[in-house]
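Down below is the structure, laid out as structure tokens.
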Amino acid sequence: MNDSWNELWSDIADKLRVEPERLAALSDADKETIVDDFLSSNKDEIIADIMNLWEEYLDKVAPAQSSDTEEPDVDPPAPDSIQLKPQPEAVPETVPVIKQQSPPDIPTLPMQTPITGELMLRDKQLILPNGKVSQPYLVDCDAIRLQTNISDIHFLDLEKVGLKYDRPTRRITGIPQAAGEFTVVMRYRKPNKQDYSSRKITLIINPDPRSLWNPIDTPRSIEYYKEDSDKLFVAVEAEAEAKKDMAAASRRGRSHAQEGRPRDDDFALHYEDGWYIMVVADGAGSARYSRKGSEIACRKIVENCREQLALSREEFERAITAVHEEASDAANKAAGDILYSILGAAAFKAVAAIKEEAQLKGAALKDYATTLLAAICRKFSFGWFVGSFWVGDGGMGIYCRETNYLKVLGEPDGGEFAGQTRFLTMPEIIEPKELYNRLRIHIVPDFTALILMTDGVTDPKFETDANLKRIEKWHALWDDLAGKNDDGARVDFTDNNRESAPQLLRWLDFWSRGNHDDRTIAILF
């Protein structure tokens, strides 16, 4: 058993590119955390191997069913008489905010929540709370003075840890810079005594888990190179009616960065003639060109939605108004059919574009597998219209904090086992009925945010698909974005804040044990 443990520990050290001795010096609790994170971060590779073997088996037993070489139609087939059910919601209106352009501000770096505590005497041992590298440390030493009838204390050797003792406040403060087990000396004297006595205290500074991950830049020489992170802010100037702004960010996951592998996620934002278009996509980790699949999907959704809205904008807006005024099946069906011709057709054509790229490359369509979450949105005099399309995992919802309102815009395609999901590139997804059934339309008076996320965000923040429907989880997410987190990372969603995109990118660097996938989020606010 020891040999197996040592072999695993050596493999972890090699994977993390650090000296085994450095890891061996850590506490058992820290070792357990590192092992869990190591196994979690390699979960995708294990699942990818299984999925690849299964797909090879299917290719052998049913080669005639492969659709990788089929030529796509120019337009999707009509959905016949499928009924789409919009669900207008009654939510109290709030005053909209006018958006205007402004120059960027200098960003403010976040401050982590400090580790706090007291110097304690326990079983005749002086004990200081453990610290963590790069996290502020604030420990009160006044209690020990009262507990032991000591009139004066100070400390030696705190500076080597990155800390200092402040006599007026009787506190140890600072930001530890190195991990390890340190010995500090407390000097003290009792009342009516001139000489100082000394006591040695062990202070443990735990490593920042992030420091154990050594990111490697994605080689620019690879096929379909993609930047390791991306961000975008779209400010919407005031027109006839007040508008909202959009911000999005995407960050390569630590599990990818550790191996020098590229980011597979992507996103796109666009605003034109009153219509917002938002898309996020998560390329499958098991698909070798999924980073290109997600990029093509996002780009083509925007392109095709723009084209179709230009052709049918007035008709669509009349149909949406009819849904609000009539609330009839006929009005719902008319609006649903037009949404299908815009967003459903955009999804169909995105697959066609991916298939064309795969054929040029001589690759299989499944090599470009990607999820897709897309929404189009417009402000009307009676409220906001949101139309959406969703395939795969992740999450998308309309959230209003003031009214405690939530509408999840679809169902995540989580499989029976971890790591399973459905992808836009699967043949059954672009069947007319399937495309139509994945569309949603909603009309709400107003909202705090329309949020689209890949599973790199939903997995750590919501934990389960069922939690996506719990308003408390969305409140917690919004609080987290506002700075209620260990890192102190904060996104300012005030009017026309051009720094909201870089702030989102910084926020995406949060630490969550075992969750190290690519992360992408897009927000209309």
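Every chain in the structure tokens takes a letter, A first, then B, and so on in the order presented; its residues are numbered from 1, and the ligands are numbered from 1 following the presented order.
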_Residue neighbourhood Ala369 of chain A, 12 Å, only C-alpha atoms, exclusion window fewer than 2 positions, as a PyMOL selection string_ = chain A and resi 68+264-265+281-297+350-351+354-355+358+363-367+371-372+391-392+421-427+429
*Selection: 8 Å around Leu435 of chain A, only C-alpha atoms, excl. self and same-chain fewer than 4 positions, as a ChimeraX atom specification*: /A:340,344,429-431,439
Output the selection as a PDB file, in the first residue's frame - all heavy atoms for each residue.
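File result_8.pdb, as written:
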ATOM      1  N   TYR A 340     -38.272  30.527 -34.226  1.00  0.00           N
ATOM      2  CA  TYR A 340     -37.641  29.352 -34.838  1.00  0.00           C
ATOM      3  C   TYR A 340     -36.870  29.757 -36.100  1.00  0.00           C
ATOM      4  O   TYR A 340     -35.763  29.277 -36.345  1.00  0.00           O
ATOM      5  CB  TYR A 340     -38.701  28.314 -35.171  1.00  0.00           C
ATOM      6  CG  TYR A 340     -38.175  27.093 -35.908  1.00  0.00           C
ATOM      7  CD1 TYR A 340     -37.606  26.034 -35.211  1.00  0.00           C
ATOM      8  CD2 TYR A 340     -38.263  27.019 -37.291  1.00  0.00           C
ATOM      9  CE1 TYR A 340     -37.130  24.927 -35.885  1.00  0.00           C
ATOM     10  CE2 TYR A 340     -37.794  25.908 -37.973  1.00  0.00           C
ATOM     11  CZ  TYR A 340     -37.211  24.863 -37.265  1.00  0.00           C
ATOM     12  OH  TYR A 340     -36.735  23.760 -37.941  1.00  0.00           O
ATOM     13  N   GLY A 344     -33.671  29.317 -34.041  1.00  0.00           N
ATOM     14  CA  GLY A 344     -33.566  27.911 -34.425  1.00  0.00           C
ATOM     15  C   GLY A 344     -32.765  27.742 -35.705  1.00  0.00           C
ATOM     16  O   GLY A 344     -31.907  26.862 -35.824  1.00  0.00           O
ATOM     17  N   ILE A 429     -29.925  16.748 -32.559  1.00  0.00           N
ATOM     18  CA  ILE A 429     -30.197  18.085 -32.037  1.00  0.00           C
ATOM     19  C   ILE A 429     -30.782  18.999 -33.104  1.00  0.00           C
ATOM     20  O   ILE A 429     -31.616  19.862 -32.824  1.00  0.00           O
ATOM     21  CB  ILE A 429     -28.916  18.706 -31.442  1.00  0.00           C
ATOM     22  CG1 ILE A 429     -28.424  17.866 -30.257  1.00  0.00           C
ATOM     23  CG2 ILE A 429     -29.159  20.153 -30.998  1.00  0.00           C
ATOM     24  CD1 ILE A 429     -29.397  17.769 -29.116  1.00  0.00           C
ATOM     25  N   ILE A 430     -30.348  18.838 -34.368  1.00  0.00           N
ATOM     26  CA  ILE A 430     -30.818  19.753 -35.408  1.00  0.00           C
ATOM     27  C   ILE A 430     -32.051  19.224 -36.154  1.00  0.00           C
ATOM     28  O   ILE A 430     -32.417  19.753 -37.201  1.00  0.00           O
ATOM     29  CB  ILE A 430     -29.693  20.087 -36.411  1.00  0.00           C
ATOM     30  CG1 ILE A 430     -29.127  18.817 -37.060  1.00  0.00           C
ATOM     31  CG2 ILE A 430     -28.594  20.884 -35.735  1.00  0.00           C
ATOM     32  CD1 ILE A 430     -28.151  19.102 -38.177  1.00  0.00           C
ATOM     33  N   GLU A 431     -32.674  18.185 -35.619  1.00  0.00           N
ATOM     34  CA  GLU A 431     -33.973  17.792 -36.139  1.00  0.00           C
ATOM     35  C   GLU A 431     -34.979  18.912 -35.840  1.00  0.00           C
ATOM     36  O   GLU A 431     -34.925  19.529 -34.772  1.00  0.00           O
ATOM     37  CB  GLU A 431     -34.433  16.490 -35.491  1.00  0.00           C
ATOM     38  CG  GLU A 431     -33.620  15.268 -35.903  1.00  0.00           C
ATOM     39  CD  GLU A 431     -33.788  14.961 -37.379  1.00  0.00           C
ATOM     40  OE1 GLU A 431     -34.918  15.114 -37.895  1.00  0.00           O
ATOM     41  OE2 GLU A 431     -32.793  14.596 -38.018  1.00  0.00           O
ATOM     42  N   LEU A 439     -36.447  25.921 -27.793  1.00  0.00           N
ATOM     43  CA  LEU A 439     -36.667  27.367 -27.773  1.00  0.00           C
ATOM     44  C   LEU A 439     -37.565  27.754 -26.598  1.00  0.00           C
ATOM     45  O   LEU A 439     -38.446  27.006 -26.199  1.00  0.00           O
ATOM     46  CB  LEU A 439     -37.324  27.815 -29.077  1.00  0.00           C
ATOM     47  CG  LEU A 439     -36.515  27.605 -30.359  1.00  0.00           C
ATOM     48  CD1 LEU A 439     -37.381  27.906 -31.571  1.00  0.00           C
ATOM     49  CD2 LEU A 439     -35.258  28.466 -30.367  1.00  0.00           C
TER      50      LEU A 439
END
*Excluding same-chain residues fewer than 4 positions from Pro114 of chain A, what lies within 9 Å of it counting only C-alpha atoms, as a PyMOL selection string?*
chain A and resi 135-138+175+486
*Could you please determine the separation between atom CA of Leu481 of chain A and atom CA of Leu163 of chain A in Å, to one decimal place?*
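Interatomic distance, atom CA of Leu481 of chain A to atom CA of Leu163 of chain A: 29.8 Å.
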*For atom CA of Phe382 of chain A and atom CA of Ala310 of chain A, quote the distance in Å rounded to one decimal.*
22.4 Å
_Which residues are close to Thr464 of chain A, i.e. within 12 Å by only C-alpha atoms, leaving aside same-chain residues fewer than 2 positions away? Reply as a ChimeraX atom specification._
/A:393-395,412,414,418,455,457-462,466-470,473
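Between atom CA of Ile398 of chain A and atom CA of Gly383 of chain A lies a distance of 13.0 Å.
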*For Phe385 of chain A, which residue among A:Thr218, A:Asn192, A:Thr321, A:Ser134 is the nearest when counting only C-alpha atoms?*
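Smallest distance to Phe385 of chain A is found for A:Thr321.
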Please list as a CSV table (one decimal) with all heavy atoms, in the first residue's frame every residue within 10 Å of Asn485 of chain A, counting only C-alpha atoms and excluding residues in the same chain fewer than 2 positions away.
chain,number,residue,atom,x,y,z
A,111,MET,N,-9.2,42.6,-2.6
A,111,MET,CA,-8.5,42.2,-1.4
A,111,MET,C,-9.3,41.0,-0.8
A,111,MET,O,-10.5,41.0,-0.6
A,111,MET,CB,-8.6,43.4,-0.4
A,111,MET,CG,-7.9,43.1,0.9
A,111,MET,SD,-6.2,42.7,0.8
A,111,MET,CE,-5.5,44.3,0.5
A,112,GLN,N,-8.5,40.0,-0.5
A,112,GLN,CA,-9.1,38.8,0.1
A,112,GLN,C,-9.6,39.0,1.5
A,112,GLN,O,-9.1,39.9,2.2
A,112,GLN,CB,-8.0,37.7,0.1
A,112,GLN,CG,-7.6,37.2,-1.2
A,112,GLN,CD,-6.8,35.9,-1.1
A,112,GLN,OE1,-7.1,35.0,-0.3
A,112,GLN,NE2,-5.8,35.7,-1.9
A,113,THR,N,-10.6,38.2,1.9
A,113,THR,CA,-11.1,38.2,3.3
A,113,THR,C,-10.0,37.7,4.2
A,113,THR,O,-9.4,36.7,4.0
A,113,THR,CB,-12.3,37.3,3.4
A,113,THR,OG1,-13.3,37.7,2.5
A,113,THR,CG2,-12.9,37.3,4.8
A,476,ALA,N,-27.1,34.0,-4.0
A,476,ALA,CA,-25.8,33.8,-3.6
A,476,ALA,C,-24.8,34.1,-4.7
A,476,ALA,O,-23.7,34.7,-4.5
A,476,ALA,CB,-25.6,32.3,-3.1
A,477,LEU,N,-25.1,33.7,-5.9
A,477,LEU,CA,-24.3,34.1,-7.1
A,477,LEU,C,-24.1,35.6,-7.2
A,477,LEU,O,-23.0,36.1,-7.4
A,477,LEU,CB,-24.8,33.5,-8.4
A,477,LEU,CG,-24.1,33.8,-9.7
A,477,LEU,CD1,-22.7,33.3,-9.7
A,477,LEU,CD2,-24.9,33.4,-10.9
A,479,ASP,N,-24.5,37.9,-4.9
A,479,ASP,CA,-23.7,38.4,-3.8
A,479,ASP,C,-22.3,38.1,-4.1
A,479,ASP,O,-21.4,38.9,-3.8
A,479,ASP,CB,-24.2,37.7,-2.5
A,479,ASP,CG,-25.5,38.2,-2.0
A,479,ASP,OD1,-26.0,39.3,-2.4
A,479,ASP,OD2,-26.2,37.5,-1.2
A,480,ASP,N,-22.0,36.9,-4.6
A,480,ASP,CA,-20.6,36.5,-4.9
A,480,ASP,C,-20.0,37.5,-5.9
A,480,ASP,O,-18.9,38.0,-5.7
A,480,ASP,CB,-20.6,35.1,-5.4
A,480,ASP,CG,-19.2,34.5,-5.5
A,480,ASP,OD1,-18.2,35.2,-5.7
A,480,ASP,OD2,-19.1,33.3,-5.3
A,481,LEU,N,-20.7,37.8,-7.0
A,481,LEU,CA,-20.3,38.7,-8.0
A,481,LEU,C,-20.1,40.1,-7.4
A,481,LEU,O,-19.2,40.9,-7.8
A,481,LEU,CB,-21.3,38.8,-9.1
A,481,LEU,CG,-21.3,37.6,-10.1
A,481,LEU,CD1,-22.6,37.6,-10.9
A,481,LEU,CD2,-20.1,37.6,-11.0
A,482,ALA,N,-20.9,40.5,-6.4
A,482,ALA,CA,-20.8,41.8,-5.7
A,482,ALA,C,-19.6,41.9,-4.7
A,482,ALA,O,-19.4,42.9,-4.1
A,482,ALA,CB,-22.1,42.1,-5.1
A,483,GLY,N,-18.9,40.8,-4.5
A,483,GLY,CA,-17.7,40.8,-3.7
A,483,GLY,C,-17.8,40.0,-2.4
A,483,GLY,O,-16.9,39.9,-1.6
A,487,ASP,N,-11.9,36.0,-2.0
A,487,ASP,CA,-10.9,36.8,-2.8
A,487,ASP,C,-11.2,38.3,-2.7
A,487,ASP,O,-10.4,39.1,-3.0
A,487,ASP,CB,-10.9,36.4,-4.2
A,487,ASP,CG,-10.4,34.9,-4.4
A,487,ASP,OD1,-9.6,34.5,-3.5
A,487,ASP,OD2,-10.8,34.3,-5.3
A,488,GLY,N,-12.5,38.6,-2.4
A,488,GLY,CA,-12.9,40.0,-2.4
A,488,GLY,C,-13.0,40.5,-3.8
A,488,GLY,O,-13.1,41.8,-4.1
A,489,ALA,N,-13.1,39.6,-4.8
A,489,ALA,CA,-13.3,40.0,-6.2
A,489,ALA,C,-14.7,40.5,-6.4
A,489,ALA,O,-15.7,39.9,-6.1
A,489,ALA,CB,-13.0,38.8,-7.1
A,490,ARG,N,-14.8,41.7,-7.0
A,490,ARG,CA,-16.1,42.4,-7.1
A,490,ARG,C,-16.3,42.9,-8.5
A,490,ARG,O,-15.4,43.5,-9.2
A,490,ARG,CB,-16.1,43.5,-6.1
A,490,ARG,CG,-17.4,44.4,-6.2
A,490,ARG,CD,-17.4,45.4,-5.1
A,490,ARG,NE,-18.6,46.3,-5.2
A,490,ARG,CZ,-18.6,47.4,-5.9
A,490,ARG,NH1,-17.6,47.8,-6.6
A,490,ARG,NH2,-19.7,48.1,-5.9
A,507,TRP,N,-12.9,37.9,-11.5
A,507,TRP,CA,-13.8,37.1,-10.6
A,507,TRP,C,-13.8,35.6,-11.0
A,507,TRP,O,-13.9,34.8,-10.2
A,507,TRP,CB,-15.2,37.7,-10.7
A,507,TRP,CG,-16.3,36.9,-9.9
A,507,TRP,CD1,-16.5,37.0,-8.6
A,507,TRP,CD2,-17.1,35.9,-10.4
A,507,TRP,NE1,-17.5,36.1,-8.2
A,507,TRP,CE2,-17.9,35.4,-9.3
A,507,TRP,CE3,-17.3,35.3,-11.6
A,507,TRP,CZ2,-18.8,34.4,-9.4
A,507,TRP,CZ3,-18.3,34.2,-11.8
A,507,TRP,CH2,-19.0,33.8,-10.7
A,510,PHE,N,-11.8,32.6,-9.3
A,510,PHE,CA,-12.1,32.1,-8.0
A,510,PHE,C,-11.6,30.6,-7.8
A,510,PHE,O,-11.4,29.9,-8.8
A,510,PHE,CB,-13.6,32.2,-7.7
A,510,PHE,CG,-14.5,31.3,-8.6
A,510,PHE,CD1,-14.6,30.0,-8.4
A,510,PHE,CD2,-15.1,31.9,-9.7
A,510,PHE,CE1,-15.5,29.2,-9.2
A,510,PHE,CE2,-16.0,31.2,-10.5
A,510,PHE,CZ,-16.1,29.8,-10.3
A,511,TRP,N,-11.3,30.3,-6.5
A,511,TRP,CA,-10.9,29.0,-6.2
A,511,TRP,C,-12.0,28.1,-5.7
A,511,TRP,O,-12.8,28.5,-4.9
A,511,TRP,CB,-9.8,29.0,-5.1
A,511,TRP,CG,-9.4,27.6,-4.7
A,511,TRP,CD1,-9.8,26.9,-3.6
A,511,TRP,CD2,-8.4,26.8,-5.4
A,511,TRP,NE1,-9.2,25.6,-3.6
A,511,TRP,CE2,-8.4,25.6,-4.7
A,511,TRP,CE3,-7.7,27.0,-6.5
A,511,TRP,CZ2,-7.5,24.5,-5.1
A,511,TRP,CZ3,-6.8,25.9,-6.9
A,511,TRP,CH2,-6.8,24.7,-6.2
*Contact residues around segment 261-263 of chain A with only C-alpha atoms at 10 Å, ignoring same-chain residues under 2 positions, as a PyMOL selection string*: chain A and resi 215-220+222+224-230+250-259+265-266+282-283+285+290-292+517-519
*Mind checking DSSP for segment 174-304 of chain A and telling me the strand (DSSP E or B) residues as a ChimeraX atom specification?*
/A:174,180-189,197-206,229-234,246-251,265-272,275-283
_Backbone DSSP call of helix (DSSP H, G or I) for segment 264-450 of chain A, listed as a ChimeraX atom specification_ = /A:290-326,329-361,365-368,427-430,432-437
_Using only C-alpha atoms, can you tell me which of A:Glu499, A:Met186, A:Asn130, A:Ile144 comes closest to Asp157 of chain A?_
A:Met186
*Which is closest to Ala322 of chain A among A:Asn496, A:Phe525, A:Tyr405, A:Ile443, if we use only C-alpha atoms?*
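Of the candidates, the smallest distance to Ala322 of chain A is held by A:Ile443.
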*Which of these residues is nearest to His324 of chain A, using only C-alpha atoms: A:Phe155, A:Phe380, A:Tyr271, A:Tyr368?*
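Among the listed residues, the smallest separation from His324 of chain A belongs to A:Phe380.
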